[in-house]
Structures are given as C-alpha cells and as structure tokens.
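Below you'll find the structure, written out as structure tokens, and then a few comments.
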Amino acid sequence: MALKREPEKHANHERWLVSYGDLLTLLFAVFVVMYAMGQQDKKKAEEVAQSIQSAFGMTQAGTGGKPIIIQSGAVNIIPDMKTLPSVIAQKSSIGGKARPIASNTDYGSIKAAIEAYLVKSGTSNKVGVEITHRGIVVSLKEAGFFDSGSARLKKESTETLSAIAGTLNQYANTFRVEGNTDNIPIQSSEFRSNWELSTARATNVVHYLVENTGFTPQSISAVGYGEYRPISDNDSSEGRMKNRRVDIVLLSTEAENGEARVKQNVKLGQ
C-alpha cells in the first residue's frame, strides 16, 4: 500500500516580521536610555547654573527665569577666585588701545624684536635677552649702563633703555627690575654694601622707566639681590662681569600667580 504524501507547505514570507519587531524593541530601548541620560545632564546643568548665579548674588525672578541682581552693593565672590589677584584685570591701555598679557607664544617675537634693535644699534654686547620659566629676562650689563660702584644711569645708555622699554611696555604683564653685583666688597662711602648698590641701581632703572617710557608704578617694582644671585662663577673676571647686571623681568602669568600663592601662604601661616 502506497504512503499518502502530505501536501507541501507554502513558504512563510512573513518571518522578517520577527526580526523587524526585535529591531524596533532594541531601538526603543536605546532611545529610552538616551532620553534618561539627557534628562540627567540637563538637571546637572541647571544645578551648575544655579550655583554660579548664587555665587554672584543673582536669583530667579518669577516664572520667567531671568536672573536679577538682588544685592548690587555686596556681590559674593567665589572662594577660589579671591585667593589670587587676576592678572587679566590689570590690563591698561596706551592711546585708548588695551594692552594684552604676553604669553609663551609671544616671548619669541619679543626676544627677536629686542635683539634686532640691539644688532642695528650695535649694543648687543651691552644687553642680553633670555626666555626663562619666569618669562622674558633682559639683562643690562654694568659696563653699558653704570660706572663701577655707581648707581647712576649713564646718559648714553638711556636711548637703548628707552628702545627696550618700548617693546616691553606693549604688554600689560607685571615687571620686576632686579639689581645684581659680583662678590667683591664695595669700597664706597655712598653704599654700605653690594645690597645697597644693587637696590639703588634697580630703583634708578624703575624711576627712568616710569618717568620717561610710560611704565605705570603699579606694574613695576625694584629689588636688590647684591652678590647672592650670581649667574656665573665669581672666581674669574669674566664671571664677575656677567654677575654685575640689572635684569628687567617681564613676569609670566604663571610666575606672578605662583608668587601670589607663596605670599598668601606665608601670610596665612603667620
């Protein structure tokens, strides 16, 4: 007896619906997760905004959400910002144009401009220019700017000093003028020691820069290190010649802020 064949089943052309349904389910889950994450970030952003507004004495007015000043005479300051003076806030202007703060990217052009003038004027042997971790250091060598044992600027050196000042004073950084000597004790009734001599030279340079080249007293200071900050060996005449100098230092923002931190820590430790 022959077996009865079952009729052939028709091909199921709707199997793709199963995979399509799984894909839609996965997409739905992904969008739910993304929506939840977006809502969380939005909440954090609102908290940060409210914190900043609170720090600056601002609040939300009504339902409009527009901030208003509630105490214009007593604005709060964020604690971390009041510990250091803002160098950017010290910008001044020349001829109505704001002066920028020189950064690391400017040091090369400043050094090149000063050196170009020194070559053109034939005074390269009287001035040295160096880029250091503190900023730009312009070293005025004693032989070119002072007589031995004297703190008075040579008249013929003022033209060079004015040209250097014209380049440096285009920037609103803080400047320090540092007097240095060799270790040979001074023989003078005018100065008790090399400290007094180095300080007097630095101070006279500051006076000249403020009175003749437009430097502001708030942006510049003088200090005398005497023989205690040598850059060369005092055992040779060449080394002692290098140590007898006055440095004009264009302080970098990092150097100035670092010194401000040290000063604040010392004050707090008293």
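Ordering of the structure tokens sets the chain letters (A, B, ...), residue numbers begin anew at 1 in every chain, and ligands are numbered from 1 in the order given.
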Using only C-alpha atoms, find each residue in segment 111-211 of chain A having at least one atom no more than 8 Å away from segment 240-260 of chain A; report its shortest atom-to-atom pair and that distance in Å (one decimal), rows by chain then rising number, as CSV.
```
residue,atom,partner,partner_atom,distance
A:His133,CA,A:Ala255,CA,7.6
A:Arg134,CA,A:Ala255,CA,5.4
A:Gly135,CA,A:Ser252,CA,4.8
A:Ile136,CA,A:Leu250,CA,5.1
A:Val137,CA,A:Val249,CA,4.5
A:Val138,CA,A:Ile248,CA,5.0
A:Ser139,CA,A:Asp247,CA,4.3
A:Leu140,CA,A:Val246,CA,5.1
A:Lys141,CA,A:Arg245,CA,4.5
A:Glu142,CA,A:Arg245,CA,5.1
A:Leu168,CA,A:Leu250,CA,7.5
A:Asn173,CA,A:Leu251,CA,6.3
A:Thr174,CA,A:Leu251,CA,5.6
A:Phe175,CA,A:Leu250,CA,4.8
A:Arg176,CA,A:Val249,CA,5.1
A:Val177,CA,A:Ile248,CA,4.6
A:Glu178,CA,A:Asp247,CA,5.0
A:Gly179,CA,A:Val246,CA,4.5
A:Asn180,CA,A:Arg245,CA,5.4
A:Thr181,CA,A:Arg244,CA,4.2
A:Asp182,CA,A:Arg240,CA,5.2
A:Asn183,CA,A:Arg240,CA,7.7
A:Ser198,CA,A:Val246,CA,7.8
A:Arg201,CA,A:Val246,CA,7.3
A:Ala202,CA,A:Val246,CA,6.4
```
Let's see if you can do this: from backbone DSSP, list all alpha helix (DSSP H) residues in segment 97-258 of chain A, as an mmCIF file with C-alpha atoms, in the first residue's frame.
```cif
data_model
loop_
_atom_site.group_PDB
_atom_site.id
_atom_site.type_symbol
_atom_site.label_atom_id
_atom_site.label_comp_id
_atom_site.auth_asym_id
_atom_site.auth_seq_id
_atom_site.Cartn_x
_atom_site.Cartn_y
_atom_site.Cartn_z
ATOM 1 C CA ASN A 104 54.543 81.885 25.975
ATOM 2 C CA THR A 105 53.645 82.308 22.308
ATOM 3 C CA ASP A 106 54.682 85.985 22.436
ATOM 4 C CA TYR A 107 58.090 85.529 24.057
ATOM 5 C CA GLY A 108 59.874 84.557 20.859
ATOM 6 C CA SER A 109 58.719 87.656 18.979
ATOM 7 C CA ILE A 110 59.564 89.928 21.947
ATOM 8 C CA LYS A 111 63.075 88.484 22.169
ATOM 9 C CA ALA A 112 63.561 88.771 18.391
ATOM 10 C CA ALA A 113 62.398 92.407 18.344
ATOM 11 C CA ILE A 114 64.797 93.435 21.123
ATOM 12 C CA GLU A 115 67.725 91.536 19.609
ATOM 13 C CA ALA A 116 67.063 93.074 16.186
ATOM 14 C CA TYR A 117 67.319 96.552 17.705
ATOM 15 C CA LEU A 118 70.496 95.642 19.590
ATOM 16 C CA VAL A 119 72.150 94.422 16.376
ATOM 17 C CA LYS A 120 71.039 97.500 14.446
ATOM 18 C CA SER A 121 72.261 99.887 17.172
ATOM 19 C CA GLU A 142 77.053 97.097 34.199
ATOM 20 C CA ALA A 143 79.651 98.223 31.692
ATOM 21 C CA GLY A 144 76.995 99.544 29.318
ATOM 22 C CA PHE A 145 74.747 101.307 31.825
ATOM 23 C CA THR A 158 69.174 105.860 28.057
ATOM 24 C CA GLU A 159 68.445 105.593 24.324
ATOM 25 C CA THR A 160 68.975 101.835 24.441
ATOM 26 C CA LEU A 161 66.901 101.522 27.601
ATOM 27 C CA SER A 162 64.051 103.519 26.047
ATOM 28 C CA ALA A 163 64.015 101.316 22.946
ATOM 29 C CA ILE A 164 63.871 98.151 25.057
ATOM 30 C CA ALA A 165 61.119 99.675 27.190
ATOM 31 C CA GLY A 166 59.099 100.491 24.057
ATOM 32 C CA THR A 167 58.941 96.805 23.185
ATOM 33 C CA LEU A 168 58.219 95.561 26.704
ATOM 34 C CA ASN A 194 76.535 95.462 47.470
ATOM 35 C CA TRP A 195 72.924 95.156 48.587
ATOM 36 C CA GLU A 196 72.516 98.910 48.700
ATOM 37 C CA LEU A 197 74.311 99.336 45.372
ATOM 38 C CA SER A 198 72.203 96.713 43.583
ATOM 39 C CA THR A 199 68.972 98.083 45.052
ATOM 40 C CA ALA A 200 69.861 101.659 44.100
ATOM 41 C CA ARG A 201 70.616 100.638 40.508
ATOM 42 C CA ALA A 202 67.334 98.741 40.200
ATOM 43 C CA THR A 203 65.406 101.653 41.702
ATOM 44 C CA ASN A 204 67.007 104.166 39.334
ATOM 45 C CA VAL A 205 66.061 101.998 36.354
ATOM 46 C CA VAL A 206 62.474 101.823 37.648
ATOM 47 C CA HIS A 207 62.362 105.611 38.037
ATOM 48 C CA TYR A 208 63.574 106.057 34.480
ATOM 49 C CA LEU A 209 61.044 103.594 33.049
ATOM 50 C CA VAL A 210 58.135 105.192 34.919
ATOM 51 C CA GLU A 211 59.124 108.816 34.325
ATOM 52 C CA ASN A 212 60.280 108.543 30.725
ATOM 53 C CA SER A 237 86.932 88.387 35.905
ATOM 54 C CA GLU A 238 84.660 87.247 33.067
ATOM 55 C CA GLY A 239 82.287 85.606 35.526
ATOM 56 C CA ARG A 240 82.190 88.643 37.787
ATOM 57 C CA MET A 241 81.456 90.839 34.759
ATOM 58 C CA LYS A 242 78.406 88.695 33.929
ATOM 59 C CA ASN A 243 77.136 88.923 37.515
ATOM 60 C CA THR A 253 51.190 84.917 34.398
ATOM 61 C CA GLU A 254 52.244 81.589 35.919
ATOM 62 C CA ALA A 255 55.232 83.146 37.693
ATOM 63 C CA GLU A 256 53.196 86.014 39.085
ATOM 64 C CA ASN A 257 50.369 83.772 40.288
ATOM 65 C CA GLY A 258 52.900 81.381 41.840
#
```
Work out how far apart atom CA of Gln187 of chain A and atom CA of Gly149 of chain A are and give it in Å to one decimal.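 These atoms are spaced 7.8 Å apart.
Atom CA of Ile101 of chain A to atom CA of Gln170 of chain A spans 9.0 Å [interatomic distance, one decimal].
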